[in-house]
Every structure is written in structure tokens, then in C-alpha cells.
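Asks: What follows is a single structure, and I will ask about it in a moment.
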Amino acid sequence: MVNDFIKILNRDLSRLSTEISAFEKEENLWKTTGKISNSAGNLAIHLIGNLNYYIGTKIGDTGFERDRPAEFSTKYVPREQILNKIEMTRETVSSVLNNLDGSRLNEEFPEALFGHPMTYSFFLVHLSGHLMYHLGQINYLRRTLEKDS
């Protein structure tokens, strides 16, 4: 089961890189439209912080320190820097989960989020869904912002 989580998270982190790379105009990474409040660039930075914190620090004890407010307020990070951080995140996720004993999946995750305890397995499913949710938002923003390009 751990290998399945690695495959899914790697697949979607690769898709995140593809989406960020697909923006024809780099400045569109920092634009929003309508009632959408988060740019694709900020969503990518948020996903990097989220996975490095919950998988890196909480599971793998990497020591990554998260600054969640900065994930949404930082602007105009160069695309190549974001892509490099996505790749580093993919490497962290793979390394940490490759070292996770599958028997721990049914153990309680060390942080009770959402108002109730959950297993490692439940939380990894949540993290995967969270990544896919924001990946869809990034794809939508790209297609909307660059529809006339």
C-alpha cells in the first residue's frame, strides 16, 4: 500500500510540474480571475509546503519548517525555482515513504487534524486528494487565463 501512495503522489507531483511548465506566460502564474483568490503559483507553493511538512516533517522527521501564510502571500517566484522545489518535494515524498513501514499505515497519525484522530493511511489519502484538488484548480486557472493566447 505504501508503494501505491508513492506512485500516486509522484504521478501528481509530475502533473503539477507539467501544469506549471504549461503556462505560456510566466506572469500568469501569479494572476487570478473572477472570485478565485489564489494564483497557480501560490497553489504550487502551498502544495510544496503541505507535502514537505506533513510527509517530510511529520512522517520523516526531516525538520522542514512550514510558513503557511507565506505560501499564499509570496509572489513572483521564478518558475524554475518552483519546478526545482516540486522535484525536491517529489524526492522527499519518495524517500520518506520508501522508509515507512507499511504496518504503520493503520497507526494513528501524530497530529489530530479535522477535529478527530486518523490513521496514517487515511491522512495519506487526504494528502493525495488535496494535491489533486489544487492541481485541478491550477489547470483551470491556466486554461482560463491563457484561453486567448
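Labels for the C-alpha cells follow display order: chains A, B, ..., residues from 1 in each chain, ligands from 1.
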Do you know which residues are at most 8 Å from region 113-129 of chain A counting only C-alpha atoms, after dropping those on the same chain fewer than 4 positions away, and could you put them as a ChimeraX atom specification?
Replies: /A:5,8-9,51,104-109,133
Asks: Do you know which residues are at most 12 Å from Ile82 (chain A) counting only C-alpha atoms, after dropping those on the same chain fewer than 5 positions away, and could you put them as a PyMOL selection string?
Replies: chain A and resi 13+16-21+26+29+40-49+71+74-77+87-89
Asks: Enumerate as number ranges by chain all residues of chain A assigned to helix (DSSP H, G or I) by DSSP on the backbone, naming them with the chain letters and numbers the document uses.
Replies: A: 2-22, 26-30, 40-59, 68-73, 79-98, 102-106, 120-145
Asks: Using only C-alpha atoms, which protein or nucleic acid residues come within 10 Å of Ala22 (chain A)? Drop anything in the same chain fewer than 6 positions from it, and give the result as a PDB file with N, CA and C atoms, in the first residue's frame.
Replies:
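The resulting part-v3.pdb:
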ATOM      1  N   LEU A  16       1.865  18.276 -11.566  1.00  0.00           N
ATOM      2  CA  LEU A  16       1.997  19.652 -11.092  1.00  0.00           C
ATOM      3  C   LEU A  16       3.116  20.355 -11.858  1.00  0.00           C
ATOM      4  N   ASN A 139      -4.902  23.804 -13.210  1.00  0.00           N
ATOM      5  CA  ASN A 139      -5.222  23.524 -14.603  1.00  0.00           C
ATOM      6  C   ASN A 139      -6.320  24.465 -15.096  1.00  0.00           C
ATOM      7  N   ARG A 142      -4.922  28.027 -15.544  1.00  0.00           N
ATOM      8  CA  ARG A 142      -4.089  28.120 -16.743  1.00  0.00           C
ATOM      9  C   ARG A 142      -4.946  28.221 -17.996  1.00  0.00           C
ATOM     10  N   ARG A 143      -5.921  27.340 -18.107  1.00  0.00           N
ATOM     11  CA  ARG A 143      -6.760  27.346 -19.306  1.00  0.00           C
ATOM     12  C   ARG A 143      -7.607  28.615 -19.409  1.00  0.00           C
TER      13      ARG A 143
END
Asks: Of the candidates A:Asn28, A:Leu97, A:Ser37, A:Arg79, which one gets nearest to Asn52 (chain A) if we count only C-alpha atoms?
Replies: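 Nearest candidate to Asn52 (chain A) out of A:Asn28, A:Leu97, A:Ser37, A:Arg79: A:Leu97.
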Asks: Just how far from CA of Asp101 (chain A) is CA of His134 (chain A), in Å to one decimal?
Replies: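 Between CA of His134 (chain A) and CA of Asp101 (chain A) the gap is 28.3 Å.
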Asks: Report, in Å with one decimal, the straight-line distance from CA of Tyr53 (chain A) to CA of Asn38 (chain A).
Replies: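 Distance reported for this atom pair: 20.1 Å.
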Asks: So, with only C-alpha atoms as the atoms that count, which of A:Lys25, A:Tyr54, A:Tyr140, A:Asp12 lies closest to Ala112 (chain A)?
Replies: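 With only C-alpha atoms as the atom set, the closest residue is A:Tyr54.
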Asks: What gap, in Å, lies between CA of Arg90 (chain A) and CA of Phe72 (chain A)?
Replies: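 Distance reported for this atom pair: 20.6 Å.
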